[in-house]
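Data block for final_16.cif (mmCIF, C-alpha atoms):
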```cif
data_structure
loop_
_atom_site.label_atom_id
_atom_site.label_comp_id
_atom_site.auth_asym_id
_atom_site.auth_seq_id
_atom_site.Cartn_x
_atom_site.Cartn_y
_atom_site.Cartn_z
CA MET G 556 -10.20 13.17 -25.38
CA PRO G 557 -7.91 16.04 -26.41
CA GLN G 558 -4.81 16.33 -24.22
CA ASN G 559 -5.72 19.74 -22.81
CA ALA G 560 -9.22 18.48 -21.87
CA LEU G 561 -7.62 15.44 -20.23
CA HIS G 562 -5.85 17.73 -17.79
CA THR G 563 -8.45 20.49 -17.33
CA ALA G 564 -11.71 18.53 -17.07
CA THR G 565 -13.15 17.94 -13.64
CA PHE G 566 -13.47 14.38 -12.38
CA ALA G 567 -17.25 14.83 -12.63
CA ASP G 568 -16.84 15.67 -16.33
CA LEU G 569 -14.63 12.62 -16.88
CA LEU G 570 -17.09 10.34 -15.09
CA ALA G 571 -19.97 11.84 -17.10
CA ALA G 572 -18.10 10.87 -20.29
CA THR G 573 -17.47 7.31 -19.04
CA ARG G 574 -19.50 4.67 -20.87
CA ARG G 575 -18.61 1.22 -19.49
CA SER G 576 -16.53 1.07 -16.34
CA ALA G 577 -15.08 3.14 -13.53
CA VAL G 578 -12.82 1.36 -11.06
CA HIS G 579 -11.06 2.82 -8.03
CA LEU G 580 -8.16 1.16 -6.22
CA GLU G 581 -7.35 2.51 -2.78
CA MET G 582 -4.18 1.29 -1.08
CA ARG G 583 -3.60 3.72 1.79
CA ASP G 584 -4.55 3.24 5.43
CA VAL G 585 -4.58 6.94 6.39
CA TYR G 586 -6.49 9.74 4.75
CA ALA G 587 -6.99 13.25 6.06
CA VAL G 588 -8.80 14.83 3.15
CA GLY G 589 -10.59 18.00 4.15
CA ASP G 590 -14.11 17.14 3.02
CA GLU G 591 -14.21 14.11 5.36
CA GLN G 592 -12.32 15.56 8.31
CA GLU G 593 -15.28 16.78 10.38
CA ASP G 594 -17.22 13.52 9.89
CA PHE G 595 -14.13 11.46 10.70
CA GLU G 596 -13.47 13.41 13.91
CA ASN G 597 -17.12 12.95 14.91
CA PHE G 598 -16.81 9.21 14.23
CA LEU G 599 -13.74 9.05 16.48
CA ARG G 600 -15.63 10.84 19.28
CA THR G 601 -18.95 9.02 18.99
CA GLY G 602 -18.41 5.84 17.00
CA VAL G 603 -21.27 6.95 14.72
CA ALA G 604 -20.66 7.39 11.00
CA ASN G 605 -22.51 9.88 8.82
CA THR G 606 -24.42 7.68 6.38
CA ASP G 607 -26.94 10.34 5.38
CA PRO G 608 -26.54 10.66 1.60
CA THR G 609 -27.84 14.23 1.80
CA GLY G 610 -25.29 15.35 4.39
CA SER G 611 -21.65 16.34 4.47
CA PHE G 612 -19.68 15.51 1.31
CA TRP G 613 -22.14 12.90 0.02
CA PRO G 614 -24.35 15.26 -2.08
CA GLN G 615 -21.31 15.91 -4.29
CA TRP G 616 -20.60 12.20 -4.81
CA VAL G 617 -23.85 10.23 -4.74
CA PRO G 618 -25.47 11.92 -7.79
CA LEU G 619 -22.32 11.30 -9.86
CA VAL G 620 -22.45 7.60 -9.04
CA GLU G 621 -26.19 7.30 -9.55
CA ASP G 622 -25.94 9.04 -12.93
CA ALA G 623 -23.06 6.83 -14.09
CA VAL G 624 -24.69 3.60 -12.91
CA GLY G 625 -27.97 4.72 -14.49
CA ARG G 626 -26.15 4.99 -17.84
CA GLY G 627 -24.88 1.42 -17.44
CA VAL G 628 -21.41 2.21 -16.09
CA VAL G 629 -20.18 -0.50 -13.71
CA MET G 630 -18.52 1.21 -10.75
CA ARG G 631 -16.24 -0.90 -8.59
CA ARG G 632 -14.04 0.17 -5.67
CA ALA G 633 -11.39 -2.05 -4.10
CA ARG G 634 -9.54 -1.20 -0.91
CA ILE G 635 -6.28 -2.83 0.13
CA VAL G 636 -5.97 -2.50 3.91
CA SER G 637 -3.52 -3.37 6.65
CA GLU G 638 -4.85 -5.42 9.55
CA PRO G 639 -5.64 -4.63 12.23
CA VAL G 640 -7.24 -1.69 10.44
CA THR G 641 -6.61 1.97 11.28
CA ASP G 642 -9.30 4.22 12.73
CA TYR G 643 -9.72 5.77 9.30
CA ILE G 644 -10.38 2.38 7.69
CA ARG G 645 -12.94 1.61 10.41
CA TYR G 646 -14.63 4.92 9.54
CA GLU G 647 -14.43 4.22 5.81
CA HIS G 648 -15.97 0.78 6.34
CA ALA G 649 -18.79 2.35 8.37
CA ILE G 650 -19.68 4.88 5.63
CA THR G 651 -19.43 2.40 2.73
CA PRO G 652 -23.18 1.59 2.78
CA VAL G 653 -23.72 4.99 1.12
CA ASN G 654 -21.39 3.98 -1.73
CA LEU G 655 -23.33 0.73 -2.09
CA GLN G 656 -26.73 2.44 -2.03
CA ALA G 657 -25.57 4.81 -4.78
CA GLY G 658 -24.64 1.81 -6.96
CA GLU G 659 -20.95 1.17 -6.38
CA GLN G 660 -19.65 -2.32 -5.71
CA VAL G 661 -17.03 -2.38 -2.95
CA ARG G 662 -14.54 -5.04 -1.88
CA TRP G 663 -11.75 -5.20 0.69
CA LEU G 664 -8.42 -7.02 0.42
CA PRO G 665 -6.19 -7.54 3.46
CA ARG G 666 -2.73 -6.30 2.46
CA ARG G 667 -1.12 -9.66 3.28
CA HIS G 668 -3.07 -11.15 0.35
CA ALA G 669 -1.70 -8.57 -2.10
CA SER G 670 2.02 -9.28 -1.75
CA ASP G 671 2.39 -10.99 -5.11
CA ILE G 672 0.31 -8.48 -7.11
CA ALA G 673 2.13 -5.90 -9.24
CA LEU G 674 0.51 -2.68 -8.04
CA PRO G 675 0.97 0.90 -9.22
CA GLY G 676 2.56 3.14 -6.60
CA ASN G 677 -0.55 5.26 -6.02
CA ASP G 678 -4.30 5.04 -5.61
CA PHE G 679 -6.12 5.52 -8.90
CA TRP G 680 -9.34 5.71 -10.84
CA LEU G 681 -9.45 3.92 -14.19
CA LEU G 682 -12.23 5.01 -16.54
CA ASP G 683 -13.29 2.82 -19.46
CA GLU G 684 -9.97 0.96 -19.13
CA ARG G 685 -8.22 3.84 -20.90
CA LEU G 686 -7.96 6.91 -18.69
CA VAL G 687 -6.13 6.81 -15.35
CA GLN G 688 -6.30 9.42 -12.61
CA PHE G 689 -3.64 8.82 -9.98
CA HIS G 690 -4.03 10.33 -6.51
CA HIS G 691 -1.01 11.66 -4.65
CA PHE G 692 -1.13 12.22 -0.89
CA THR G 693 1.21 13.53 1.77
CA GLY G 694 2.53 11.29 4.53
CA THR G 695 -0.23 12.58 6.81
CA GLY G 696 -2.96 11.57 4.36
CA ASP G 697 -3.94 14.92 2.86
CA TRP G 698 -3.80 15.81 -0.83
CA ALA G 699 -0.28 16.55 -2.03
CA GLU G 700 0.37 19.64 -4.10
CA ASN G 701 -0.77 18.69 -7.61
CA GLY G 702 -2.46 15.69 -6.01
CA LYS G 703 -4.10 14.38 -9.16
CA GLU G 704 -2.28 13.18 -12.24
CA ARG G 705 -3.98 11.89 -15.38
CA THR G 706 -2.78 9.81 -18.27
CA ASP G 707 -4.27 7.93 -21.17
CA GLU G 708 -1.01 6.10 -21.91
CA PRO G 709 -2.13 2.58 -22.95
CA THR G 710 0.60 0.70 -21.03
CA VAL G 711 -0.22 2.56 -17.81
CA ALA G 712 -3.94 1.92 -18.24
CA ALA G 713 -3.23 -1.77 -18.90
CA LEU G 714 -1.06 -2.02 -15.74
CA CYS G 715 -3.82 -0.42 -13.65
CA ALA G 716 -6.52 -2.62 -15.21
CA ALA G 717 -4.54 -5.81 -14.54
CA ALA G 718 -3.75 -4.78 -10.95
CA PHE G 719 -7.34 -3.86 -10.22
CA GLU G 720 -8.75 -7.10 -11.64
CA LYS G 721 -6.32 -9.22 -9.62
CA VAL G 722 -7.21 -7.33 -6.43
CA TRP G 723 -10.94 -7.57 -7.21
CA GLU G 724 -10.70 -11.32 -7.79
CA ARG G 725 -9.17 -11.86 -4.33
CA ALA G 726 -11.02 -9.19 -2.38
CA ILE G 727 -13.91 -9.75 0.03
CA PRO G 728 -17.29 -8.15 -0.71
CA HIS G 729 -18.11 -5.34 1.72
CA GLU G 730 -20.98 -7.18 3.39
CA LYS G 731 -18.66 -10.07 4.28
CA TYR G 732 -15.66 -8.03 5.44
CA THR G 733 -15.59 -7.05 9.10
CA VAL G 734 -13.31 -4.59 10.82
#
```
Here is the file; what I need is its structure written in the form of structure tokens.
Amino acid sequence: MPQNALHTATFADLLAATRRSAVHLEMRDVYAVGDEQEDFENFLRTGVANTDPTGSFWPQWVPLVEDAVGRGVVMRRARIVSEPVTDYIRYEHAITPVNLQAGEQVRWLPRRHASDIALPGNDFWLLDERLVQFHHFTGTGDWAENGKERTDEPTVAALCAAAFEKVWERAIPHEKYTV
């Protein structure tokens, strides 16, 4: 991918160009990203998560996953979490069935089991083991200014691939992980 396209393409464009694998490593316990805020607040009030794939932010995500998986892309998401989990992680666990229905595989790793894994400093997506999109957040869990950084540097991609695989190997499949 040309360097200018690497930085100007949308994530949807990058995922559409992905041919084999898309992995996402999440390591934060607090998120406050705008597109989930209303659903999260409702979950806190009612204990009910929005798992309607046609509602809220899901219509922007589910078709991307279904298209990628339909092309043969293996999509895996691993979440490293502190225990006891935060309210946000309880919410995230409750909405994960939509990710699974769309075709993602999801696993959870208690943070205490990740102490000896060399991890990048930020959450990331790794596409086809060659393109990394790091996510940068503020201390309150919202997107930082310039919150997404991309690189196709081979050593960075290799670090992210190795970290993800080690986490995935130890992590607990969603259906077996309780919060």
Report task. Specify as a VMD selection string each residue included when the PyMOL selection byres ((chain G and resi 687) around 9) is applied to this file. Result -> chain G and resid 679 to 682 684 to 686 688 to 689 704 to 708 711 to 712 715
**Report entry** Nearest-residue call for Ala713 (chain G), choices G:Asp683, G:Ile650, G:His691, G:Met630, using all atoms listed in the file
**Finding:**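 When distances to Ala713 (chain G) are compared using all atoms listed in the file, the smallest one comes from G:Asp683.
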Requested in this report: Find the spatial neighbours of Gln656 (chain G), counting all atoms listed in the file, within a cut-off of 12 Å - ignore same-chain residues fewer than 6 positions away - and output them as a PyMOL selection string.
Outcome: chain G and resi 606-608+613+616-618+620-621+624+650
Report summary line: One decimal place gives the CA of Ser637 (chain G)-CA of Asp584 (chain G) separation as 6.8 Å
**Report entry** G:Asn605, G:Asp622, G:Asp671, G:Arg600 ranked by distance to Ala571 (chain G), top pick (using all atoms listed in the file)
**Finding:**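 Closest to Ala571 (chain G) of all the choices is G:Asp622.
In terms of minimum interatomic distance to Phe598 (chain G), G:Ile644 ranks closest within G:Ala657, G:Ile644, G:Val734, G:Ala726, counting only C-alpha atoms.
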Query raised in the report: Which residue out of G:Arg626, G:Asn701, G:Arg632, G:Lys731 has the minimum interatomic distance to Ala572 (chain G) when only C-alpha atoms are used?
Result: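 Using only C-alpha atoms, Ala572 (chain G) sits closest to G:Arg626.
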Name all residues at most 10 Å from Ala669 (chain G) (count all atoms listed in the file; drop same-chain ones fewer than 5 positions away) and give them as a compact mmCIF listing (two decimals) with C-alpha atoms, in the coordinates of the input.
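This went into out.txt:
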```txt
# COMPACT_ATOMS: atom_id res chain seq x y z
CA ILE G 635 -6.28 -2.83 0.13
CA VAL G 636 -5.97 -2.50 3.91
CA LEU G 664 -8.42 -7.02 0.42
CA LEU G 674 0.51 -2.68 -8.04
CA ALA G 718 -3.75 -4.78 -10.95
CA LYS G 721 -6.32 -9.22 -9.62
CA VAL G 722 -7.21 -7.33 -6.43
CA ARG G 725 -9.17 -11.86 -4.33
CA ALA G 726 -11.02 -9.19 -2.38
```
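Of the residues under consideration (G:Val653, G:Asp568, G:Ile727, G:Arg583), G:Ile727 shows the shortest atom-to-atom contact distance to His668 (chain G) when counting all atoms listed in the file.
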Report task. Between G:Leu714, G:Ala673, G:Ala633, G:Ala623, single out the one closest to His579 (chain G), counting only C-alpha atoms. Result ->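 Checking each of G:Leu714, G:Ala673, G:Ala633, G:Ala623 against His579 (chain G), counting only C-alpha atoms, the winner is G:Ala633.
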Query raised in the report: What does the distance from CA of His690 (chain G) to CA of Leu580 (chain G) come to in Å, to one decimal?
Result: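 Between CA of His690 (chain G) and CA of Leu580 (chain G) the gap works out to 10.1 Å.
Taking CA of Pro675 (chain G) and CA of Gly696 (chain G) as endpoints, the distance between them is 17.7 Å.
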Requested in this report: Using the chain letters and residue numbers of this document, give as a ChimeraX atom specification the residues selected by the PyMOL selection byres ((chain G and resi 587) around 12).
Outcome: /G:583-586,588-596,642-644,646-647,692-699
**Report entry** Non-local contacts of Val661 (chain G) (8 Å; all atoms listed in the file; under 4 positions in same chain excluded) as number ranges by chain
**Finding:** G: 631-634, 651, 654-655, 728-729
Report task. Convert the output of the PyMOL selection byres ((chain G and resi 629) around 9) on the shown file into explicit residues, formatted as a ChimeraX atom specification. Result -> /G:574-578,623-624,627-628,630-631,658-660
